[in-house]
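work_35.pdb follows (PDB, C-alpha atoms, pLDDT in the B column):
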ATOM      1  CA  MET S 218      94.790 135.867 132.343  1.00 90.00           C
ATOM      2  CA  LEU S 219      91.503 135.443 130.476  1.00 94.00           C
ATOM      3  CA  ALA S 220      88.376 137.581 130.775  1.00 97.00           C
ATOM      4  CA  HIS S 221      86.641 136.708 127.517  1.00 96.00           C
ATOM      5  CA  GLY S 222      87.027 134.681 124.350  1.00 96.00           C
ATOM      6  CA  PRO S 223      87.243 135.753 120.702  1.00 96.00           C
ATOM      7  CA  ARG S 224      84.674 138.377 119.772  1.00 95.00           C
ATOM      8  CA  ASN S 225      84.062 136.822 116.371  1.00 94.00           C
ATOM      9  CA  VAL S 226      82.576 133.567 117.663  1.00 93.00           C
ATOM     10  CA  PRO S 227      78.791 133.441 118.340  1.00 96.00           C
ATOM     11  CA  ALA S 228      79.205 131.747 121.698  1.00 97.00           C
ATOM     12  CA  ILE S 229      79.533 132.507 125.391  1.00 98.00           C
ATOM     13  CA  ALA S 230      80.784 130.585 128.413  1.00 98.00           C
ATOM     14  CA  LEU S 231      78.613 130.222 131.499  1.00 98.00           C
ATOM     15  CA  THR S 232      80.802 129.665 134.560  1.00 98.00           C
ATOM     16  CA  PHE S 233      79.630 128.603 138.019  1.00 98.00           C
ATOM     17  CA  ASP S 234      81.691 129.308 141.138  1.00 98.00           C
ATOM     18  CA  ASP S 235      81.749 128.185 144.783  1.00 97.00           C
ATOM     19  CA  GLY S 236      80.303 124.679 144.348  1.00 97.00           C
ATOM     20  CA  PRO S 237      79.699 121.896 144.160  1.00 98.00           C
ATOM     21  CA  GLY S 238      76.617 122.935 146.059  1.00 97.00           C
ATOM     22  CA  ALA S 239      72.881 123.087 146.417  1.00 96.00           C
ATOM     23  CA  VAL S 240      72.122 124.279 142.883  1.00 97.00           C
ATOM     24  CA  THR S 241      74.666 122.220 140.922  1.00 98.00           C
ATOM     25  CA  THR S 242      72.245 119.411 140.083  1.00 98.00           C
ATOM     26  CA  ALA S 243      69.520 121.787 138.904  1.00 98.00           C
ATOM     27  CA  ILE S 244      71.987 123.619 136.663  1.00 98.00           C
ATOM     28  CA  LEU S 245      73.292 120.351 135.235  1.00 98.00           C
ATOM     29  CA  ASP S 246      69.692 119.364 134.446  1.00 98.00           C
ATOM     30  CA  VAL S 247      69.180 122.619 132.517  1.00 98.00           C
ATOM     31  CA  LEU S 248      72.462 122.282 130.626  1.00 98.00           C
ATOM     32  CA  ARG S 249      71.658 118.697 129.659  1.00 98.00           C
ATOM     33  CA  GLU S 250      68.194 119.671 128.432  1.00 97.00           C
ATOM     34  CA  HIS S 251      69.712 122.283 126.136  1.00 97.00           C
ATOM     35  CA  GLY S 252      72.820 120.337 125.147  1.00 97.00           C
ATOM     36  CA  ALA S 253      74.883 123.252 126.447  1.00 98.00           C
ATOM     37  CA  GLY S 254      78.400 123.402 127.845  1.00 98.00           C
ATOM     38  CA  ALA S 255      79.591 125.244 130.950  1.00 98.00           C
ATOM     39  CA  THR S 256      82.491 125.421 133.395  1.00 98.00           C
ATOM     40  CA  PHE S 257      82.183 124.670 137.118  1.00 98.00           C
ATOM     41  CA  ASN S 258      84.950 126.242 139.214  1.00 98.00           C
ATOM     42  CA  VAL S 259      84.922 124.180 142.385  1.00 98.00           C
ATOM     43  CA  LEU S 260      86.293 124.702 145.878  1.00 98.00           C
ATOM     44  CA  GLY S 261      88.366 121.821 147.178  1.00 97.00           C
ATOM     45  CA  GLU S 262      86.867 121.955 150.649  1.00 97.00           C
ATOM     46  CA  ARG S 263      83.342 121.494 149.218  1.00 97.00           C
ATOM     47  CA  ILE S 264      83.956 118.396 147.118  1.00 98.00           C
ATOM     48  CA  ALA S 265      83.773 115.821 149.934  1.00 97.00           C
ATOM     49  CA  GLY S 266      80.263 114.380 150.031  1.00 97.00           C
ATOM     50  CA  ARG S 267      79.434 115.887 146.624  1.00 97.00           C
ATOM     51  CA  GLU S 268      81.770 113.827 144.471  1.00 98.00           C
ATOM     52  CA  GLU S 269      78.855 112.599 142.354  1.00 97.00           C
ATOM     53  CA  HIS S 270      78.096 116.184 141.293  1.00 98.00           C
ATOM     54  CA  VAL S 271      81.617 116.523 139.920  1.00 98.00           C
ATOM     55  CA  ARG S 272      81.535 113.107 138.243  1.00 98.00           C
ATOM     56  CA  ARG S 273      78.182 113.820 136.648  1.00 98.00           C
ATOM     57  CA  ALA S 274      79.388 117.163 135.300  1.00 98.00           C
ATOM     58  CA  VAL S 275      82.378 115.501 133.641  1.00 98.00           C
ATOM     59  CA  GLN S 276      80.312 112.606 132.295  1.00 97.00           C
ATOM     60  CA  GLU S 277      77.941 115.104 130.676  1.00 97.00           C
ATOM     61  CA  GLY S 278      80.739 116.998 128.980  1.00 97.00           C
ATOM     62  CA  GLN S 279      81.062 119.926 131.355  1.00 98.00           C
ATOM     63  CA  GLU S 280      84.395 121.434 132.349  1.00 98.00           C
ATOM     64  CA  ILE S 281      85.750 121.456 135.894  1.00 98.00           C
ATOM     65  CA  GLY S 282      87.946 124.367 136.891  1.00 98.00           C
ATOM     66  CA  VAL S 283      89.640 125.186 140.191  1.00 98.00           C
ATOM     67  CA  HIS S 284      88.392 127.920 142.534  1.00 98.00           C
ATOM     68  CA  GLY S 285      91.019 127.231 145.179  1.00 97.00           C
ATOM     69  CA  TRP S 286      90.805 125.113 148.288  1.00 98.00           C
ATOM     70  CA  ALA S 287      88.974 127.731 150.381  1.00 96.00           C
ATOM     71  CA  HIS S 288      87.212 130.950 149.393  1.00 96.00           C
ATOM     72  CA  ASP S 289      89.961 133.342 150.435  1.00 96.00           C
ATOM     73  CA  ASP S 290      91.779 136.323 148.978  1.00 97.00           C
ATOM     74  CA  HIS S 291      95.114 134.782 147.970  1.00 97.00           C
ATOM     75  CA  ARG S 292      96.892 137.901 146.686  1.00 97.00           C
ATOM     76  CA  ASN S 293      99.086 138.377 149.761  1.00 97.00           C
ATOM     77  CA  HIS S 294      99.964 134.686 149.955  1.00 97.00           C
ATOM     78  CA  PRO S 295     100.133 133.598 146.319  1.00 98.00           C
ATOM     79  CA  LEU S 296     102.271 130.504 146.851  1.00 98.00           C
ATOM     80  CA  ALA S 297      99.917 129.154 149.505  1.00 98.00           C
ATOM     81  CA  GLY S 298      96.914 130.008 147.352  1.00 98.00           C
ATOM     82  CA  ALA S 299      98.428 128.221 144.378  1.00 98.00           C
ATOM     83  CA  ARG S 300      99.206 125.188 146.525  1.00 98.00           C
ATOM     84  CA  GLY S 301      95.554 125.112 147.579  1.00 98.00           C
ATOM     85  CA  ALA S 302      94.531 125.281 143.939  1.00 98.00           C
ATOM     86  CA  ALA S 303      96.893 122.428 143.120  1.00 98.00           C
ATOM     87  CA  ARG S 304      95.499 120.414 146.039  1.00 98.00           C
ATOM     88  CA  THR S 305      92.007 120.957 144.652  1.00 98.00           C
ATOM     89  CA  ALA S 306      93.152 119.873 141.195  1.00 98.00           C
ATOM     90  CA  ALA S 307      94.553 116.671 142.708  1.00 98.00           C
ATOM     91  CA  VAL S 308      91.199 115.914 144.360  1.00 98.00           C
ATOM     92  CA  ILE S 309      89.405 116.533 141.060  1.00 98.00           C
ATOM     93  CA  ARG S 310      91.766 114.104 139.319  1.00 97.00           C
ATOM     94  CA  SER S 311      91.121 111.442 141.932  1.00 97.00           C
ATOM     95  CA  VAL S 312      87.333 111.930 141.802  1.00 97.00           C
ATOM     96  CA  CYS S 313      86.751 112.030 138.057  1.00 95.00           C
ATOM     97  CA  GLY S 314      90.050 111.508 136.264  1.00 96.00           C
ATOM     98  CA  VAL S 315      90.300 114.896 134.558  1.00 96.00           C
ATOM     99  CA  GLU S 316      93.103 117.457 134.747  1.00 96.00           C
ATOM    100  CA  PRO S 317      91.798 120.979 135.450  1.00 97.00           C
ATOM    101  CA  ARG S 318      93.441 123.720 133.415  1.00 97.00           C
ATOM    102  CA  LEU S 319      91.679 126.851 134.683  1.00 98.00           C
ATOM    103  CA  PHE S 320      91.899 128.736 137.974  1.00 98.00           C
ATOM    104  CA  ARG S 321      89.191 131.216 138.968  1.00 98.00           C
ATOM    105  CA  PRO S 322      90.568 133.174 141.958  1.00 98.00           C
ATOM    106  CA  PRO S 323      87.986 133.734 144.708  1.00 97.00           C
ATOM    107  CA  PHE S 324      86.261 137.130 144.406  1.00 97.00           C
ATOM    108  CA  GLY S 325      88.150 137.536 141.119  1.00 97.00           C
ATOM    109  CA  LEU S 326      90.989 138.999 143.170  1.00 98.00           C
ATOM    110  CA  THR S 327      94.339 138.350 141.564  1.00 98.00           C
ATOM    111  CA  ASN S 328      97.722 139.862 140.799  1.00 98.00           C
ATOM    112  CA  ARG S 329     100.755 138.934 138.763  1.00 98.00           C
ATOM    113  CA  ARG S 330     102.339 136.920 141.586  1.00 98.00           C
ATOM    114  CA  LEU S 331      99.225 134.788 142.053  1.00 98.00           C
ATOM    115  CA  GLN S 332      98.841 134.245 138.311  1.00 98.00           C
ATOM    116  CA  LEU S 333     102.460 133.122 137.997  1.00 98.00           C
ATOM    117  CA  ALA S 334     102.159 130.863 141.047  1.00 98.00           C
ATOM    118  CA  ALA S 335      99.047 129.216 139.575  1.00 98.00           C
ATOM    119  CA  ALA S 336     100.755 128.875 136.200  1.00 98.00           C
ATOM    120  CA  ARG S 337     103.527 126.849 137.825  1.00 97.00           C
ATOM    121  CA  HIS S 338     100.824 124.274 138.553  1.00 97.00           C
ATOM    122  CA  ARG S 339      99.647 124.479 134.920  1.00 97.00           C
ATOM    123  CA  LEU S 340      96.560 126.502 135.843  1.00 98.00           C
ATOM    124  CA  ARG S 341      95.575 129.512 133.736  1.00 97.00           C
ATOM    125  CA  THR S 342      93.745 132.340 135.502  1.00 98.00           C
ATOM    126  CA  LEU S 343      90.146 132.808 134.350  1.00 98.00           C
ATOM    127  CA  LEU S 344      88.099 135.941 135.081  1.00 98.00           C
ATOM    128  CA  TRP S 345      84.924 137.216 133.359  1.00 98.00           C
ATOM    129  CA  ASP S 346      83.389 140.170 131.565  1.00 98.00           C
ATOM    130  CA  VAL S 347      79.720 139.712 132.580  1.00 98.00           C
ATOM    131  CA  ASP S 348      78.574 139.613 136.210  1.00 98.00           C
ATOM    132  CA  PRO S 349      74.784 139.555 136.739  1.00 98.00           C
ATOM    133  CA  ARG S 350      75.347 139.532 140.524  1.00 98.00           C
ATOM    134  CA  ASP S 351      73.192 136.465 141.120  1.00 98.00           C
ATOM    135  CA  TYR S 352      74.738 136.299 144.613  1.00 95.00           C
ATOM    136  CA  GLU S 353      72.540 139.295 145.515  1.00 96.00           C
ATOM    137  CA  ASP S 354      69.486 137.013 145.100  1.00 94.00           C
ATOM    138  CA  PRO S 355      67.730 139.421 142.699  1.00 97.00           C
ATOM    139  CA  GLY S 356      65.459 136.749 141.201  1.00 97.00           C
ATOM    140  CA  ALA S 357      65.520 134.867 137.909  1.00 98.00           C
ATOM    141  CA  GLN S 358      64.148 137.716 135.788  1.00 98.00           C
ATOM    142  CA  ALA S 359      66.783 140.183 136.969  1.00 98.00           C
ATOM    143  CA  ILE S 360      69.593 137.675 136.454  1.00 98.00           C
ATOM    144  CA  TYR S 361      68.340 136.953 132.949  1.00 98.00           C
ATOM    145  CA  ASP S 362      67.919 140.641 132.097  1.00 98.00           C
ATOM    146  CA  ARG S 363      71.411 141.513 133.332  1.00 98.00           C
ATOM    147  CA  ILE S 364      73.030 138.718 131.335  1.00 98.00           C
ATOM    148  CA  ILE S 365      71.182 139.470 128.111  1.00 98.00           C
ATOM    149  CA  ALA S 366      71.926 143.195 128.398  1.00 98.00           C
ATOM    150  CA  ALA S 367      75.653 142.605 128.845  1.00 98.00           C
ATOM    151  CA  ILE S 368      76.714 139.596 126.787  1.00 98.00           C
ATOM    152  CA  ARG S 369      78.680 139.925 123.582  1.00 97.00           C
ATOM    153  CA  PRO S 370      80.173 137.211 121.405  1.00 97.00           C
ATOM    154  CA  GLY S 371      82.956 135.636 123.437  1.00 97.00           C
ATOM    155  CA  SER S 372      81.606 136.724 126.833  1.00 98.00           C
ATOM    156  CA  ILE S 373      82.399 134.796 130.003  1.00 98.00           C
ATOM    157  CA  VAL S 374      79.540 134.995 132.511  1.00 98.00           C
ATOM    158  CA  LEU S 375      80.053 134.700 136.269  1.00 98.00           C
ATOM    159  CA  LEU S 376      77.366 132.721 138.148  1.00 98.00           C
ATOM    160  CA  HIS S 377      77.180 130.638 141.335  1.00 98.00           C
ATOM    161  CA  ASP S 378      75.789 127.243 142.357  1.00 98.00           C
ATOM    162  CA  ASP S 379      76.550 126.871 146.055  1.00 96.00           C
ATOM    163  CA  ARG S 380      73.498 128.067 148.066  1.00 94.00           C
ATOM    164  CA  PRO S 381      69.810 127.023 147.977  1.00 95.00           C
ATOM    165  CA  GLU S 382      68.706 130.643 147.596  1.00 95.00           C
ATOM    166  CA  LEU S 383      70.520 130.704 144.257  1.00 95.00           C
ATOM    167  CA  MET S 384      67.947 128.375 142.691  1.00 97.00           C
ATOM    168  CA  PRO S 385      66.700 131.308 140.525  1.00 98.00           C
ATOM    169  CA  THR S 386      70.089 131.097 138.788  1.00 98.00           C
ATOM    170  CA  ALA S 387      69.079 127.758 137.269  1.00 98.00           C
ATOM    171  CA  GLU S 388      65.814 129.251 136.001  1.00 98.00           C
ATOM    172  CA  ALA S 389      67.652 132.244 134.567  1.00 98.00           C
ATOM    173  CA  VAL S 390      70.144 129.973 132.806  1.00 98.00           C
ATOM    174  CA  ASP S 391      67.269 128.090 131.192  1.00 98.00           C
ATOM    175  CA  ARG S 392      65.891 131.376 129.820  1.00 98.00           C
ATOM    176  CA  VAL S 393      69.325 132.520 128.658  1.00 98.00           C
ATOM    177  CA  LEU S 394      69.881 129.280 126.766  1.00 98.00           C
ATOM    178  CA  HIS S 395      66.528 129.665 125.018  1.00 98.00           C
ATOM    179  CA  GLU S 396      67.549 133.191 123.995  1.00 98.00           C
ATOM    180  CA  LEU S 397      70.940 132.035 122.741  1.00 98.00           C
ATOM    181  CA  ARG S 398      69.324 129.365 120.609  1.00 97.00           C
ATOM    182  CA  GLY S 399      67.087 131.990 119.051  1.00 97.00           C
ATOM    183  CA  ARG S 400      70.154 134.067 118.179  1.00 96.00           C
ATOM    184  CA  GLY S 401      72.026 131.112 116.765  1.00 97.00           C
ATOM    185  CA  TRP S 402      74.630 131.371 119.519  1.00 97.00           C
ATOM    186  CA  HIS S 403      76.100 128.534 121.594  1.00 97.00           C
ATOM    187  CA  ALA S 404      76.982 128.037 125.251  1.00 98.00           C
ATOM    188  CA  VAL S 405      80.328 126.235 125.547  1.00 98.00           C
ATOM    189  CA  THR S 406      82.988 125.571 128.146  1.00 98.00           C
ATOM    190  CA  ALA S 407      85.426 128.330 128.972  1.00 98.00           C
ATOM    191  CA  SER S 408      88.323 126.380 127.497  1.00 97.00           C
ATOM    192  CA  GLN S 409      86.444 125.851 124.232  1.00 96.00           C
ATOM    193  CA  LEU S 410      85.552 129.520 124.111  1.00 97.00           C
ATOM    194  CA  VAL S 411      89.008 130.976 124.739  1.00 92.00           C
ATOM    195  CA  ALA S 412      90.531 128.532 122.272  1.00 90.00           C
ATOM    196  CA  GLY S 413      88.166 129.894 119.644  1.00 78.00           C
ATOM    197  CA  HIS S 414      86.787 126.419 118.987  1.00 57.00           C
ATOM    198  CA  ALA S 415      83.330 126.969 120.478  1.00 48.00           C
ATOM    199  CA  GLY S 416      82.232 123.516 119.463  1.00 48.00           C
ATOM    200  CA  ALA S 417      83.305 124.155 115.866  1.00 40.00           C
ATOM    201  CA  VAL S 418      80.579 126.769 115.383  1.00 46.00           C
ATOM    202  CA  ARG S 419      80.861 129.258 112.574  1.00 45.00           C
ATOM    203  CA  HIS S 420      82.676 132.575 113.051  1.00 43.00           C
ATOM    204  CA  LEU S 421      80.912 135.890 112.724  1.00 42.00           C
ATOM    205  CA  PRO S 422      81.797 138.060 109.728  1.00 41.00           C
ATOM    206  CA  ALA S 423      84.323 140.800 110.338  1.00 40.00           C
ATOM    207  CA  GLY S 424      82.930 144.211 111.170  1.00 39.00           C
TER     208      GLY S 424
END

As a first step, turn the structure in this file into C-alpha cells.
Amino acid sequence: MLAHGPRNVPAIALTFDDGPGAVTTAILDVLREHGAGATFNVLGERIAGREEHVRRAVQEGQEIGVHGWAHDDHRNHPLAGARGAARTAAVIRSVCGVEPRLFRPPFGLTNRRLQLAAARHRLRTLLWDVDPRDYEDPGAQAIYDRIIAAIRPGSIVLLHDDRPELMPTAEAVDRVLHELRGRGWHAVTASQLVAGHAGAVRHLPAG
C-alpha cells in the first residue's frame, strides 16, 4: 500500500479520481501547458462514451490507474471488488493499450483482504497523504491553499475530475503547478514518484 513517495525527491503526484468526467479535459489542458505528469484513477462504468479522454491522457504521457468498476466500499466483498478492478483494467487495455498497475479504492477504504485481492490482479493499492477536499466545492483559492499548506516532497495529492462543479480544481492545479515550478519541484505520475524516479529529477540533500 502506498500513501506517498520518497521524501528526498522534489516532486509530488497529482491524482484524479472518479472520472473520466466533466473536468478531465480541462485538467489535461493544464497539465499539457505545464508539461506536468499526473495519474487518473478511472471508474470502469464511466469510461463508455469518454474513451477519447482516456486515450488522450495516455497519448500525453499521463498515467491511468484503476478506481474500481463502481464507486463502492469493497472492504466486505474484496474478491468482487478486485474483480471489478480487473474488469476496469481490461477495458483500459482495450481502449488505449496500457496495463494499469495502481488501484485507488473508492473513498480510500481498504483492508488487507482487499489489498491482497487487488494484488492478485497485479494492482498495487494507492492512497494519498494530501486531501484538499475539492469535492466540497470550496473554490480554487481554497483548494490551492490547502494543497500548498500540506504538500511535502513525495506527497500524493487526492483530487477529482468527474463533476462540472469541480472546474475550480483545474484552476487550482494551474496555480499549484506555477508554485511548484518556482520551488524547482516537479509534478509526476504516481508510479514515477513511488519508484523514486520522478522524471530523473535531482534528489534533495539529506537532512

Could I get the residues of stretch 312-416 of chain S with an atom no further than 6 Å from an atom of stretch 234-238 of chain S, each paired with its nearest atom pair and that distance in Å to one decimal, using all atoms listed in the file, sorted by chain and residue number, as CSV?
residue,atom,partner,partner_atom,distance
S:His377,CA,S:Asp234,CA,4.7
S:Asp378,CA,S:Gly236,CA,5.6
S:Asp379,CA,S:Gly238,CA,3.9

For this session: Can you pull out every residue within 10 Å of S:His251, counting all atoms listed in the file, but drop anything in the same chain fewer than 5 positions away, and send it as a PyMOL selection string?
Result: chain S and resi 245-246+391+394-395+398+404

Do you have, as JSON lines, the list of residues of stretch 245-363 of chain S lying at most 8 Å from stretch 218-226 of chain S, each with its nearest atom pair and that distance in Å to one decimal, counting all atoms listed in the file and ordered by chain then number?
{"residue": "S:Gln332", "atom": "CA", "partner": "S:Met218", "partner_atom": "CA", "distance": 7.4}
{"residue": "S:Arg341", "atom": "CA", "partner": "S:Met218", "partner_atom": "CA", "distance": 6.6}
{"residue": "S:Thr342", "atom": "CA", "partner": "S:Met218", "partner_atom": "CA", "distance": 4.8}
{"residue": "S:Leu343", "atom": "CA", "partner": "S:Leu219", "partner_atom": "CA", "distance": 4.9}
{"residue": "S:Leu344", "atom": "CA", "partner": "S:Ala220", "partner_atom": "CA", "distance": 4.6}
{"residue": "S:Trp345", "atom": "CA", "partner": "S:Ala220", "partner_atom": "CA", "distance": 4.3}
{"residue": "S:Asp346", "atom": "CA", "partner": "S:Ala220", "partner_atom": "CA", "distance": 5.7}

Problem set entry | Top pick for closest residue to S:His294, considering S:Ala334, S:Arg318, S:Gly371, S:Val390 and counting only C-alpha atoms |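 Result for the nearest residue to S:His294: S:Ala334.
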
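Residues surrounding S:Ile364 within 12 Å are Ile229, Ala230, Leu231, Asp346, Val347, Asp348, Pro349, Arg350, Asp351, Ala357, Gln358, Ser372, Ile373, Val374, Leu375, Leu376, Thr386, Ala389, Val390, Arg392, Val393, Leu394, Glu396 and Leu397 of chain S [all atoms listed in the file; sequence separation below 6 positions excluded].
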
Problem set entry | Ground truth for the PyMOL selection byres ((chain S and resi 356) around 10), written as a ChimeraX atom specification | /S:351-355,357-361,382-386,388-389

Residues selected by the PyMOL selection byres ((chain S and resi 259-276) around 7), written as a short mmCIF file (atom, residue, chain, number, x, y, z; two decimals) with C-alpha atoms, in the frame of the given file:
data_model
loop_
_atom_site.label_atom_id
_atom_site.label_comp_id
_atom_site.auth_asym_id
_atom_site.auth_seq_id
_atom_site.Cartn_x
_atom_site.Cartn_y
_atom_site.Cartn_z
CA ASP S 234 81.69 129.31 141.14
CA ASP S 235 81.75 128.18 144.78
CA GLY S 236 80.30 124.68 144.35
CA PRO S 237 79.70 121.90 144.16
CA THR S 241 74.67 122.22 140.92
CA THR S 242 72.24 119.41 140.08
CA LEU S 245 73.29 120.35 135.24
CA PHE S 257 82.18 124.67 137.12
CA ASN S 258 84.95 126.24 139.21
CA GLU S 277 77.94 115.10 130.68
CA GLY S 278 80.74 117.00 128.98
CA GLN S 279 81.06 119.93 131.35
CA GLU S 280 84.40 121.43 132.35
CA GLY S 282 87.95 124.37 136.89
CA VAL S 283 89.64 125.19 140.19
CA HIS S 284 88.39 127.92 142.53
CA GLY S 285 91.02 127.23 145.18
CA TRP S 286 90.80 125.11 148.29
CA ALA S 287 88.97 127.73 150.38
CA THR S 305 92.01 120.96 144.65
CA VAL S 312 87.33 111.93 141.80
CA CYS S 313 86.75 112.03 138.06
#

Seminar exercise, completed: atom CA of S:Ala412 to atom CA of S:Thr256 measures 14.1 Å

For this session: Name the closest residue to S:Ala255 among the candidates S:His403, S:Arg369, S:Arg330, S:Arg292; distances are taken between atoms, counting all atoms listed in the file.
Result: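 Closest candidate: S:His403.
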
Problem set entry | Two-atom distance - atom CA of S:Ala407, atom CA of S:Pro317 (Å) |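 The value is 11.7 Å.
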
Problem set entry | Atom pair atom CA of S:Thr232 / atom CA of S:Val411: separation (Å) |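 According to the coordinates, atom CA of S:Thr232 and atom CA of S:Val411 are separated by 12.9 Å.
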
Problem set entry | Target residues per the PyMOL selection byres ((chain S and resi 291) around 8), formatted as an NGL selection string | :S and (289-290 or 292-295 or 297-298 or 322-323 or 326-327 or 331)

For this session: May I ask which of the residues S:Ala335, S:Ala302, S:Ala366, S:Ile281 is the closest one to S:Glu316, counting only C-alpha atoms?
Result: S:Ile281
